[in-house]
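*Asks:* Got a structure for you, model-v2.tsv, holding TSV, C-alpha atoms and all ligand atoms.
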chain	number	residue	atom	x	y	z
K	1	MET	CA	80.83	194.57	90.14
K	2	ARG	CA	77.29	195.94	90.00
K	3	GLY	CA	74.40	194.54	87.99
K	4	VAL	CA	70.74	193.58	87.91
K	5	LEU	CA	70.04	190.05	89.04
K	6	PHE	CA	66.74	188.19	88.84
K	7	ASN	CA	66.48	185.53	91.50
K	8	GLY	CA	62.73	185.22	91.88
K	9	LYS	CA	62.75	188.99	92.35
K	10	VAL	CA	64.78	191.85	90.92
K	11	GLU	CA	67.87	192.74	92.93
K	12	ILE	CA	70.67	195.25	92.32
K	13	SER	CA	73.77	193.34	93.37
K	14	ASP	CA	77.29	194.61	94.08
K	15	ASN	CA	78.72	191.11	94.17
K	16	ILE	CA	78.62	189.90	90.56
K	17	GLU	CA	81.79	188.47	89.01
K	18	VAL	CA	82.27	187.40	85.39
K	19	ARG	CA	84.83	184.80	84.32
K	20	ASP	CA	87.73	185.64	81.97
K	21	PRO	CA	87.16	185.29	78.21
K	22	ARG	CA	87.86	181.93	76.60
K	23	PRO	CA	90.09	181.90	73.46
K	24	ASN	CA	87.14	182.78	71.16
K	25	GLU	CA	85.47	185.28	73.51
K	26	VAL	CA	85.77	188.94	74.51
K	27	THR	CA	85.08	190.85	77.72
K	28	VAL	CA	83.10	194.04	77.15
K	29	ARG	CA	82.66	196.99	79.54
K	30	ILE	CA	78.99	197.81	79.05
K	31	ARG	CA	78.13	201.51	78.81
K	32	ALA	CA	74.44	201.51	77.90
K	33	ALA	CA	71.67	198.90	77.88
K	34	GLY	CA	68.11	199.16	76.59
K	35	LEU	CA	65.16	197.68	78.47
K	36	CYS	CA	63.17	195.30	76.23
K	37	HIS	CA	59.77	193.85	77.04
K	38	SER	CA	61.46	190.42	76.98
K	39	ASP	CA	63.40	191.41	80.17
K	40	LEU	CA	60.11	192.38	81.80
K	41	SER	CA	58.68	189.03	80.62
K	42	VAL	CA	61.36	187.17	82.60
K	43	VAL	CA	60.47	189.20	85.71
K	44	ASN	CA	56.69	188.64	85.37
K	45	GLY	CA	57.03	184.96	84.39
K	46	THR	CA	55.83	185.22	80.77
K	47	ILE	CA	59.25	183.94	79.64
K	48	PRO	CA	60.33	181.18	82.05
K	49	PHE	CA	64.07	181.49	82.67
K	50	PRO	CA	66.06	179.67	85.34
K	51	PRO	CA	67.35	181.93	88.15
K	52	PRO	CA	69.68	183.38	89.12
K	53	VAL	CA	70.13	185.31	85.88
K	54	VAL	CA	71.79	188.63	85.08
K	55	LEU	CA	69.16	190.52	83.04
K	56	GLY	CA	69.44	192.53	79.84
K	57	HIS	CA	70.41	191.67	76.26
K	58	GLU	CA	70.36	194.94	74.25
K	59	ALA	CA	73.56	196.88	74.83
K	60	ALA	CA	76.70	198.58	73.60
K	61	GLY	CA	80.09	198.98	75.20
K	62	VAL	CA	83.86	198.95	74.85
K	63	VAL	CA	85.99	195.82	74.45
K	64	GLU	CA	88.21	195.40	77.48
K	65	ALA	CA	89.93	192.02	76.98
K	66	ILE	CA	90.15	189.46	74.16
K	67	GLY	CA	90.76	185.71	74.05
K	68	ASP	CA	93.95	184.59	72.30
K	69	GLN	CA	92.14	183.35	69.15
K	70	VAL	CA	90.23	186.60	68.63
K	71	THR	CA	91.22	188.30	65.37
K	72	THR	CA	88.52	190.90	64.58
K	73	LEU	CA	88.47	192.96	67.79
K	74	GLU	CA	90.93	194.79	70.00
K	75	PRO	CA	90.62	196.35	73.45
K	76	GLY	CA	89.09	199.80	73.05
K	77	ASP	CA	86.80	198.88	70.15
K	78	HIS	CA	83.18	200.03	70.47
K	79	VAL	CA	80.70	197.19	69.94
K	80	VAL	CA	76.99	196.37	69.77
K	81	PHE	CA	75.91	192.91	70.94
K	82	SER	CA	74.18	190.28	68.87
K	83	THR	CA	72.17	187.80	70.95
K	84	LEU	CA	73.04	184.96	68.54
K	85	SER	CA	75.69	182.55	69.78
K	86	ASN	CA	75.49	180.74	66.43
K	87	CYS	CA	78.31	178.46	65.28
K	88	GLY	CA	79.15	179.99	61.89
K	89	LEU	CA	79.79	176.51	60.45
K	90	CYS	CA	76.45	174.73	60.04
K	91	ALA	CA	74.11	174.73	57.04
K	92	ALA	CA	71.82	177.34	58.63
K	93	CYS	CA	74.73	179.70	59.31
K	94	GLU	CA	76.28	179.13	55.88
K	95	SER	CA	72.98	179.80	54.10
K	96	GLY	CA	72.53	183.16	55.85
K	97	HIS	CA	70.11	182.05	58.57
K	98	PRO	CA	72.09	182.29	61.81
K	99	THR	CA	68.85	182.74	63.81
K	100	MET	CA	68.07	179.13	62.86
K	101	CYS	CA	71.48	177.73	63.97
K	102	SER	CA	70.87	175.14	66.69
K	103	LYS	CA	73.81	176.61	68.65
K	104	SER	CA	71.90	179.91	68.82
K	105	ILE	CA	68.68	178.43	70.22
K	106	GLY	CA	67.99	177.69	73.87
K	107	LYS	CA	71.67	177.67	74.83
K	108	LEU	CA	72.23	178.47	78.49
K	109	SER	CA	75.56	179.44	80.01
K	110	LYS	CA	76.70	180.56	83.45
K	111	PRO	CA	79.60	182.99	83.02
K	112	PHE	CA	78.70	184.91	86.21
K	113	THR	CA	79.19	184.21	89.91
K	114	VAL	CA	77.11	185.98	92.56
K	115	ASN	CA	78.03	185.49	96.22
K	116	GLY	CA	79.79	182.26	95.22
K	117	GLU	CA	76.81	180.88	93.24
K	118	LYS	CA	76.92	180.51	89.43
K	119	ALA	CA	74.43	182.74	87.55
K	120	PHE	CA	73.06	182.48	84.01
K	121	SER	CA	73.49	185.00	81.25
K	122	PHE	CA	70.24	186.12	79.58
K	123	ALA	CA	69.85	185.70	75.81
K	124	ASN	CA	73.59	184.88	75.59
K	125	VAL	CA	74.48	188.47	76.53
K	126	SER	CA	73.42	189.95	79.94
K	127	ALA	CA	73.54	193.71	79.74
K	128	PHE	CA	72.51	195.40	83.01
K	129	VAL	CA	75.94	194.75	84.45
K	130	GLU	CA	79.30	196.49	84.23
K	131	ARG	CA	81.05	193.73	82.25
K	132	THR	CA	80.00	190.67	80.31
K	133	VAL	CA	81.72	187.94	78.29
K	134	VAL	CA	80.43	186.95	74.84
K	135	LEU	CA	81.64	185.09	71.76
K	136	GLU	CA	83.76	187.20	69.41
K	137	ARG	CA	81.02	186.87	66.75
K	138	GLN	CA	78.47	188.42	69.16
K	139	ALA	CA	80.37	191.69	69.54
K	140	VAL	CA	79.97	193.70	66.34
K	141	LYS	CA	82.33	196.65	65.94
K	142	ILE	CA	80.82	200.09	65.34
K	143	PRO	CA	82.44	203.48	64.69
K	144	ASP	CA	83.63	205.35	67.81
K	145	ASP	CA	81.54	208.44	67.01
K	146	VAL	CA	78.14	206.69	67.40
K	147	PRO	CA	76.68	207.45	70.87
K	148	LEU	CA	76.64	204.19	72.84
K	149	GLU	CA	73.16	204.91	74.32
K	150	SER	CA	71.70	204.97	70.81
K	151	ALA	CA	73.84	202.11	69.49
K	152	ALA	CA	72.70	199.87	72.37
K	153	LEU	CA	69.17	199.70	70.94
K	154	VAL	CA	70.43	198.18	67.70
K	155	GLY	CA	71.15	194.93	69.59
K	156	CYS	CA	67.47	193.98	69.95
K	157	ALA	CA	64.69	196.50	69.20
K	158	VAL	CA	66.17	197.83	65.97
K	159	MET	CA	67.51	194.49	64.71
K	160	THR	CA	64.19	192.77	65.47
K	161	GLY	CA	61.94	195.45	63.95
K	162	VAL	CA	64.06	196.41	60.95
K	163	GLY	CA	64.95	192.78	60.24
K	164	ALA	CA	61.31	191.70	60.39
K	165	VAL	CA	60.50	194.19	57.63
K	166	LEU	CA	63.57	193.81	55.39
K	167	ASN	CA	64.61	190.18	55.96
K	168	ARG	CA	61.42	188.33	56.85
K	169	ALA	CA	58.45	190.16	55.31
K	170	LYS	CA	60.48	191.86	52.56
K	171	VAL	CA	58.11	194.83	52.37
K	172	SER	CA	58.32	196.66	49.06
K	173	TYR	CA	57.40	199.95	47.32
K	174	GLY	CA	53.78	200.99	47.51
K	175	GLU	CA	52.73	198.26	49.96
K	176	SER	CA	50.56	198.75	53.04
K	177	VAL	CA	51.42	197.70	56.60
K	178	ALA	CA	49.66	197.67	59.95
K	179	VAL	CA	51.82	197.59	63.07
K	180	PHE	CA	50.35	196.58	66.44
K	181	GLY	CA	52.23	197.90	69.50
K	182	MET	CA	54.30	201.10	69.50
K	183	GLY	CA	57.10	199.98	71.80
K	184	GLY	CA	60.73	199.62	70.74
K	185	ILE	CA	59.93	196.77	68.36
K	186	GLY	CA	56.86	198.30	66.67
K	187	LEU	CA	58.47	201.72	66.16
K	188	ASN	CA	61.34	200.05	64.31
K	189	VAL	CA	58.89	198.11	62.14
K	190	ILE	CA	57.30	201.48	61.32
K	191	GLN	CA	60.54	203.21	60.33
K	192	ALA	CA	61.84	200.23	58.34
K	193	SER	CA	58.52	199.97	56.46
K	194	VAL	CA	58.91	203.61	55.42
K	195	LEU	CA	62.53	202.90	54.39
K	196	ALA	CA	61.31	199.92	52.31
K	197	GLY	CA	58.87	202.14	50.44
K	198	ALA	CA	55.54	201.29	52.11
K	199	THR	CA	53.06	204.07	51.41
K	200	LYS	CA	50.34	203.21	53.94
K	201	VAL	CA	51.79	202.68	57.42
K	202	ILE	CA	49.10	202.20	60.06
K	203	ALA	CA	50.16	202.28	63.72
K	204	ILE	CA	47.94	200.74	66.40
K	205	ASP	CA	48.30	201.07	70.18
K	206	MET	CA	46.10	200.93	73.28
K	207	LEU	CA	47.59	204.22	74.45
K	208	PRO	CA	46.53	207.30	72.47
K	209	ALA	CA	49.66	209.05	73.77
K	210	LYS	CA	51.73	206.81	71.45
K	211	GLU	CA	50.36	208.56	68.35
K	212	ALA	CA	52.98	211.32	68.42
K	213	VAL	CA	55.99	208.98	68.50
K	214	ALA	CA	54.37	206.65	65.93
K	215	ARG	CA	53.98	209.57	63.51
K	216	GLN	CA	57.50	210.79	64.30
K	217	PHE	CA	58.78	207.39	63.10
K	218	GLY	CA	56.74	207.58	59.90
K	219	ALA	CA	53.25	206.23	60.60
K	220	THR	CA	50.75	207.69	58.14
K	221	GLU	CA	47.72	206.75	60.30
K	222	PHE	CA	47.14	205.94	63.96
K	223	ILE	CA	44.38	203.79	65.48
K	224	ASP	CA	43.59	203.99	69.20
K	225	ALA	CA	42.92	200.31	69.99
K	226	SER	CA	41.23	201.20	73.29
K	227	GLN	CA	38.26	202.44	71.24
K	228	GLY	CA	37.61	199.00	69.62
K	229	GLU	CA	36.78	198.20	65.95
K	230	VAL	CA	40.50	197.98	65.12
K	231	VAL	CA	40.21	195.52	62.22
K	232	ASP	CA	37.34	197.44	60.58
K	233	GLN	CA	39.35	200.65	60.80
K	234	ILE	CA	42.43	199.03	59.24
K	235	LYS	CA	40.33	197.64	56.40
K	236	ALA	CA	38.71	201.00	55.80
K	237	LEU	CA	42.14	202.66	55.63
K	238	SER	CA	43.68	200.08	53.29
K	239	SER	CA	41.12	199.17	50.60
K	240	GLY	CA	40.00	196.02	52.40
K	241	GLY	CA	43.13	194.87	54.22
K	242	VAL	CA	46.90	195.36	54.46
K	243	ASP	CA	49.75	193.59	52.67
K	244	TYR	CA	51.56	193.03	55.99
K	245	ALA	CA	50.46	193.11	59.63
K	246	PHE	CA	53.14	193.01	62.32
K	247	GLU	CA	52.18	191.89	65.82
K	248	CYS	CA	54.56	193.60	68.27
K	249	VAL	CA	52.59	193.11	71.50
K	250	GLY	CA	52.63	189.40	72.40
K	251	HIS	CA	48.91	188.80	72.94
K	252	PRO	CA	46.76	186.10	71.25
K	253	ALA	CA	43.85	188.52	70.71
K	254	VAL	CA	46.18	190.94	68.90
K	255	ILE	CA	47.65	188.08	66.84
K	256	ARG	CA	44.07	187.33	65.75
K	257	GLN	CA	43.52	190.99	64.83
K	258	SER	CA	46.73	191.02	62.79
K	259	ILE	CA	45.51	188.03	60.75
K	260	ASP	CA	41.98	189.44	60.32
K	261	ALA	CA	43.45	192.75	59.07
K	262	LEU	CA	45.14	191.14	56.02
K	263	GLY	CA	44.08	191.85	52.48
K	264	LYS	CA	44.42	189.39	49.58
K	265	GLY	CA	47.92	187.87	49.51
K	266	GLY	CA	48.74	189.50	52.85
K	267	ASN	CA	51.11	188.15	55.50
K	268	ALA	CA	50.98	188.49	59.28
K	269	VAL	CA	54.37	188.58	61.01
K	270	ILE	CA	54.30	187.52	64.66
K	271	LEU	CA	57.02	189.24	66.70
K	272	GLY	CA	55.40	189.44	70.16
K	273	VAL	CA	56.18	186.72	72.69
K	274	PRO	CA	53.19	185.57	74.79
K	275	LYS	CA	53.44	182.78	77.39
K	276	ALA	CA	55.06	179.63	75.96
K	277	ASP	CA	51.80	177.65	76.00
K	278	ALA	CA	49.61	180.44	74.54
K	279	GLU	CA	47.44	179.47	71.59
K	280	ALA	CA	45.88	181.76	68.98
K	281	SER	CA	43.12	180.94	66.51
K	282	PHE	CA	42.20	182.14	63.02
K	283	LEU	CA	39.36	181.66	60.58
K	284	VAL	CA	40.53	179.02	58.11
K	285	SER	CA	38.32	180.35	55.31
K	286	GLY	CA	39.86	183.78	55.90
K	287	MET	CA	43.25	182.45	54.76
K	288	TYR	CA	41.99	181.32	51.35
K	289	MET	CA	43.34	184.21	49.28
K	290	ASP	CA	47.03	183.29	49.49
K	291	LYS	CA	47.50	184.70	52.99
K	292	GLY	CA	50.29	183.67	55.33
K	293	ILE	CA	51.34	183.72	58.97
K	294	LEU	CA	55.07	184.15	59.57
K	295	GLY	CA	56.99	183.70	62.80
K	296	CYS	CA	60.13	185.82	63.15
K	297	ARG	CA	63.02	185.41	65.51
K	298	TYR	CA	65.34	188.39	66.09
K	299	GLY	CA	64.49	189.98	62.75
K	300	SER	CA	65.82	186.90	60.91
K	301	ALA	CA	69.08	188.80	61.41
K	302	ARG	CA	72.50	188.30	59.90
K	303	PRO	CA	74.09	190.45	62.64
K	304	ARG	CA	77.52	191.05	61.11
K	305	HIS	CA	75.82	192.31	57.97
K	306	ASP	CA	72.72	193.96	59.40
K	307	ILE	CA	74.15	195.80	62.44
K	308	PRO	CA	76.72	197.77	60.38
K	309	MET	CA	73.97	198.43	57.80
K	310	VAL	CA	71.70	199.89	60.49
K	311	ILE	CA	74.54	202.07	61.79
K	312	ASP	CA	75.26	203.31	58.24
K	313	LEU	CA	71.56	204.14	57.74
K	314	TYR	CA	71.56	206.00	61.08
K	315	LYS	CA	74.65	208.01	60.12
K	316	ALA	CA	73.01	208.86	56.79
K	317	GLY	CA	69.90	210.13	58.64
K	318	ARG	CA	67.69	207.37	57.22
K	319	LEU	CA	66.97	205.46	60.47
K	320	LYS	CA	66.31	207.07	63.85
K	321	LEU	CA	68.07	205.78	66.94
K	322	ASP	CA	68.40	208.80	69.29
K	323	GLU	CA	64.64	209.44	69.12
K	324	LEU	CA	63.92	205.92	70.42
K	325	ILE	CA	65.26	206.89	73.85
K	326	THR	CA	62.44	208.22	76.02
K	327	ARG	CA	64.45	208.21	79.27
K	328	THR	CA	67.82	207.18	80.63
K	329	TYR	CA	68.24	205.59	84.07
K	330	GLU	CA	71.03	204.79	86.50
K	331	LEU	CA	71.33	201.13	87.48
K	332	ASP	CA	69.77	201.97	90.88
K	333	GLN	CA	66.61	203.18	89.09
K	334	PHE	CA	66.02	199.84	87.38
K	335	GLU	CA	62.71	199.16	89.18
K	336	GLN	CA	61.46	202.56	88.00
K	337	ALA	CA	62.44	201.69	84.43
K	338	LEU	CA	60.47	198.41	84.68
K	339	GLN	CA	57.42	200.29	85.99
K	340	ASP	CA	57.65	202.88	83.20
K	341	LEU	CA	57.87	200.12	80.57
K	342	GLU	CA	54.90	198.29	82.11
K	343	ALA	CA	52.89	201.53	82.08
K	344	GLY	CA	53.60	201.87	78.34
K	345	GLU	CA	55.42	205.17	78.86
K	346	LEU	CA	58.57	204.27	76.95
K	347	ALA	CA	59.63	203.96	73.37
K	348	ARG	CA	62.83	202.67	74.96
K	349	GLY	CA	64.34	203.22	78.38
K	350	VAL	CA	68.14	203.03	78.51
K	351	VAL	CA	70.25	202.23	81.57
K	352	THR	CA	73.67	203.88	81.51
K	353	LEU	CA	76.58	202.23	83.31
K	401	LIG	N1	60.51	188.04	68.01
K	401	LIG	C1	61.58	188.48	68.65
K	401	LIG	O1	62.71	188.07	68.36
K	401	LIG	C2	61.44	189.52	69.72
K	401	LIG	C3	62.52	190.34	70.08
K	401	LIG	C4	62.33	191.32	71.06
K	401	LIG	C5	61.09	191.47	71.66
K	401	LIG	N2	60.06	190.64	71.32
K	401	LIG	C6	58.72	190.76	71.89
K	401	LIG	O2	58.04	191.81	71.20
K	401	LIG	C7	57.02	192.34	72.05
K	401	LIG	C8	57.13	193.85	72.08
K	401	LIG	O3	58.33	194.24	72.75
K	401	LIG	P1	58.61	195.79	73.09
K	401	LIG	O4	59.91	195.80	73.84
K	401	LIG	O5	58.45	196.63	71.88
K	401	LIG	O6	57.37	196.06	74.12
K	401	LIG	P2	56.80	197.43	74.74
K	401	LIG	O7	56.22	197.04	76.06
K	401	LIG	O8	57.82	198.49	74.68
K	401	LIG	O9	55.64	197.83	73.72
K	401	LIG	C9	54.42	197.17	73.62
K	401	LIG	C10	53.37	198.17	73.13
K	401	LIG	O10	52.16	197.45	72.88
K	401	LIG	C11	51.09	198.25	73.29
K	401	LIG	N3	49.90	197.40	73.47
K	401	LIG	C12	49.52	196.65	74.54
K	401	LIG	N4	48.36	196.02	74.30
K	401	LIG	C13	47.98	196.36	73.04
K	401	LIG	C14	46.86	196.02	72.22
K	401	LIG	N5	45.89	195.20	72.66
K	401	LIG	N6	46.79	196.55	70.97
K	401	LIG	C15	47.76	197.39	70.50
K	401	LIG	N7	48.85	197.76	71.26
K	401	LIG	C16	48.95	197.24	72.51
K	401	LIG	C17	51.59	198.91	74.56
K	401	LIG	O11	50.82	200.07	74.91
K	401	LIG	C18	53.02	199.25	74.16
K	401	LIG	O12	53.10	200.54	73.55
K	401	LIG	C19	57.20	191.64	73.41
K	401	LIG	O13	56.29	190.54	73.47
K	401	LIG	C20	58.63	191.15	73.34
K	401	LIG	O14	58.86	190.05	74.22
K	401	LIG	C21	60.23	189.67	70.35
K	402	ZN	ZN	64.73	192.12	73.29
K	403	ZN	ZN	75.40	177.36	62.93
Is it possible to express this structure as structure tokens?

*Replies:*
Amino acid sequence: MRGVLFNGKVEISDNIEVRDPRPNEVTVRIRAAGLCHSDLSVVNGTIPFPPPVVLGHEAAGVVEAIGDQVTTLEPGDHVVFSTLSNCGLCAACESGHPTMCSKSIGKLSKPFTVNGEKAFSFANVSAFVERTVVLERQAVKIPDDVPLESAALVGCAVMTGVGAVLNRAKVSYGESVAVFGMGGIGLNVIQASVLAGATKVIAIDMLPAKEAVARQFGATEFIDASQGEVVDQIKALSSGGVDYAFECVGHPAVIRQSIDALGKGGNAVILGVPKADAEASFLVSGMYMDKGILGCRYGSARPRHDIPMVIDLYKAGRLKLDELITRTYELDQFEQALQDLEAGELARGVVTL
């Protein structure tokens, strides 16, 4: 079958095979897959990942085959993927923190074969490929009437952004937020902040062209970071600093800005992923007034609760999914999609299969 392989360089291969599902796994025919900056980060070396690897991790599709212990899914079911291969049995899982399950962290598997050589899955999913095999718990059933192109984005961008606001920061009525980076992650932080009742929602991007989409998702202000003075502008717009600043870029200088932009009692939430050895600094005295810096993995998600919730909110018209899709691509146009993402032209690009 066809798929996108990274083997030191990006390659569209016709020779990818995936093994049959184990008793607790399902095979899914992928129909749509979103391109996340984390895929680009594997290609440009920001995220070191052993090759060969089948790229992609944000997708939706149709269950094709099930292992003989699978009880919650049947062939034909429409599903969104969770990237968490958590165990469901440990203290972290039982206390509602599956992103902290040790089985969901750094686990590598090789369900694919390419020209006779074993290939890794990326983020426990692999999505730019016709079929993949995942744990039953990673395939979350959705209603058949949700377009799969839109549903695909729930698997990473929406779960990460919405989860960061609702699960990690716990933004509340009347609070102020600043969001750095208007890609798929940042736009979902914006719309979830509005949903949570934030009244001041400041979007920041280097590209002035992102203002329109930021406002479409609910930003009340937009700052063009290419003009400098970002922190001063945020402070001026928010009576001296925001309650929450979300870094959705992955750059130490922007992490610093997100901390400097906090008001009293404010929290910075770091979502962007810079190089593994990147360091960021902050002014210690600046933290004095009960400020905090929070890391956040995958929106601190509880996928089997949060993914259906996001779909319900979408169906009720309270979260946007369709509007996140700037462009769709065929698998053969994958290099173009990477270039468009790198150029900052996309909210999300979606590959249809
Ligand atoms: N924490 C997690 O679990 C998680 C999950 C998914 C993605 N990520 C990471 O989140 C980050 C964002 O991902 P994405 O897919 O939304 O990326 P994206 O490339 O779609 O968007 C990034 C945006 O940041 C803007 N930008 C660049 N430099 C900037 C600056 N100095 N100030 C303000 N804006 C700037 C770009 O113009 C672009 O609009 C990446 O680092 C990605 O790896 C983290
Ligand atoms: Zn992602
Ligand atoms: Zn666990």

*Asks:* Using only C-alpha atoms and all ligand atoms, which residues of the polymer chains come no farther than 9 Å from ligand ZN 403 (chain K)? I'd like the answer as a list in words.

*Replies:*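 After applying the 9 Å limit, what remains is Ser85, Asn86, Cys87, Gly88, Leu89, Cys90, Ala91, Ala92, Cys93, Glu94, His97, Pro98, Thr99, Met100, Cys101, Ser102, Lys103 and Ser104 of chain K.
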
*Asks:* Which is closer to Gly295 (chain K) than all the others in K:Ala337, K:Ala169, K:Leu148, K:Ile30, using only C-alpha atoms?

*Replies:*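 Nearest candidate to Gly295 (chain K) out of K:Ala337, K:Ala169, K:Leu148, K:Ile30: K:Ala169.
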
*Asks:* Using all atoms listed in the file, which of K:Pro308, K:Pro147, K:Gly272, K:Gly286 sits nearest ligand LIG 401 (chain K)?

*Replies:*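 Distance minimum relative to ligand LIG 401 (chain K) lands on K:Gly272.
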
*Asks:* Using all atoms listed in the file, which residue out of K:Glu175, K:Glu323, K:Glu345, K:Glu221 lies closest to Gly265 (chain K)?

*Replies:* K:Glu175

*Asks:* What's the 9 Å shell around Leu346 (chain K), counting only C-alpha atoms, without same-chain residues fewer than 5 positions away, as an MDAnalysis selection string?

*Replies:* chainID K and resid 183:184 324:327 337 340:341

*Asks:* Counting only C-alpha atoms, what is within 7 Å of Ala203 (chain K), bar same-chain residues fewer than 4 positions away, as JSON, numbers by chain?

*Replies:* {"K": [178, 179, 180, 214, 219, 221, 222, 223]}

*Asks:* Neighbouring residues of Lys110 (chain K) were defined as those with any atom within 12 Å, considering all atoms listed in the file; residues of the same chain fewer than 2 positions away were excluded. Please report them as a list in words.

*Replies:*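 So, after excluding close chain neighbours, the residues are Ile16, Glu17, Val18, Arg19, Pro50, Pro51, Pro52, Val53, Val54, Lys107, Leu108, Phe112, Thr113, Val114, Glu117, Lys118, Ala119, Phe120, Ser121, Phe122, Ala123, Asn124, Val125, Ser126, Thr132, Val133 and Val134 of chain K.
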
*Asks:* Mind dumping a table of every chain K residue within 7 Å of ligand LIG 401 (chain K), with the nearest atom pair and its distance in Å to one decimal, using all atoms listed in the file, sorted by chain and rising number, as a Markdown table?

*Replies:*
| residue | atom | partner | partner_atom | distance |
| --- | --- | --- | --- | --- |
| K:Cys36 | CA | K:LIG401 | O4 | 4.1 |
| K:His37 | CA | K:LIG401 | O4 | 3.7 |
| K:Ser38 | CA | K:LIG401 | O14 | 3.8 |
| K:Ser41 | CA | K:LIG401 | O14 | 6.5 |
| K:Cys156 | CA | K:LIG401 | C4 | 5.9 |
| K:Ala157 | CA | K:LIG401 | C4 | 6.0 |
| K:Thr160 | CA | K:LIG401 | C3 | 5.5 |
| K:Phe180 | CA | K:LIG401 | C15 | 4.9 |
| K:Gly181 | CA | K:LIG401 | O10 | 3.4 |
| K:Met182 | CA | K:LIG401 | O12 | 4.3 |
| K:Gly183 | CA | K:LIG401 | O9 | 3.2 |
| K:Gly184 | CA | K:LIG401 | O5 | 3.9 |
| K:Ile185 | CA | K:LIG401 | O5 | 3.8 |
| K:Gly186 | CA | K:LIG401 | O5 | 5.7 |
| K:Ile204 | CA | K:LIG401 | C15 | 5.3 |
| K:Asp205 | CA | K:LIG401 | N7 | 3.5 |
| K:Met206 | CA | K:LIG401 | N7 | 4.7 |
| K:Leu207 | CA | K:LIG401 | O11 | 5.3 |
| K:Lys210 | CA | K:LIG401 | O12 | 6.8 |
| K:Ala225 | CA | K:LIG401 | N6 | 5.5 |
| K:Cys248 | CA | K:LIG401 | C8 | 4.6 |
| K:Val249 | CA | K:LIG401 | C7 | 4.5 |
| K:Gly250 | CA | K:LIG401 | O13 | 4.0 |
| K:Val254 | CA | K:LIG401 | N5 | 5.7 |
| K:Leu271 | CA | K:LIG401 | N1 | 3.9 |
| K:Gly272 | CA | K:LIG401 | O13 | 3.6 |
| K:Val273 | CA | K:LIG401 | O13 | 3.9 |
| K:Pro274 | CA | K:LIG401 | O13 | 6.0 |
| K:Cys296 | CA | K:LIG401 | N1 | 5.4 |
| K:Arg297 | CA | K:LIG401 | O1 | 3.9 |
| K:Tyr298 | CA | K:LIG401 | O1 | 3.5 |
| K:Gly299 | CA | K:LIG401 | O1 | 6.2 |
| K:Leu341 | CA | K:LIG401 | O7 | 5.7 |
| K:Glu342 | CA | K:LIG401 | O7 | 6.3 |
| K:Gly344 | CA | K:LIG401 | O11 | 4.8 |
| K:Leu346 | CA | K:LIG401 | O8 | 6.3 |
| K:Ala347 | CA | K:LIG401 | O8 | 5.9 |
| K:Arg348 | CA | K:LIG401 | O8 | 6.5 |

*Asks:* If we count all atoms listed in the file, what is near region 315-319 of chain K at a cut-off of 9 Å, once residues fewer than 6 positions away on the same chain are taken out, given as a ChimeraX atom specification?

*Replies:* /K:146,188,191-192,195,217

*Asks:* Considering only C-alpha atoms, can you say which of K:Val42, K:Leu5, K:Val10, K:Leu153 comes closest to Gly61 (chain K)?

*Replies:*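 Distance minimum relative to Gly61 (chain K) lands on K:Leu153.
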
*Asks:* What's the 8 Å shell around Val177 (chain K), counting only C-alpha atoms, without same-chain residues fewer than 4 positions away, as a PyMOL selection string?

*Replies:* chain K and resi 193+198+200-202+242-246

*Asks:* With distances taken over all atoms listed in the file, which residue among K:Gly263, K:Pro208, K:Gly67, K:Gly155 lies nearest Lys235 (chain K)?

*Replies:*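 For Lys235 (chain K), the nearest of the candidates is K:Gly263.
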
*Asks:* Can you work out the spacing between CA of Leu55 (chain K) and CA of Glu279 (chain K) in Å, to one decimal?

*Replies:*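 These atoms are spaced 26.9 Å apart.
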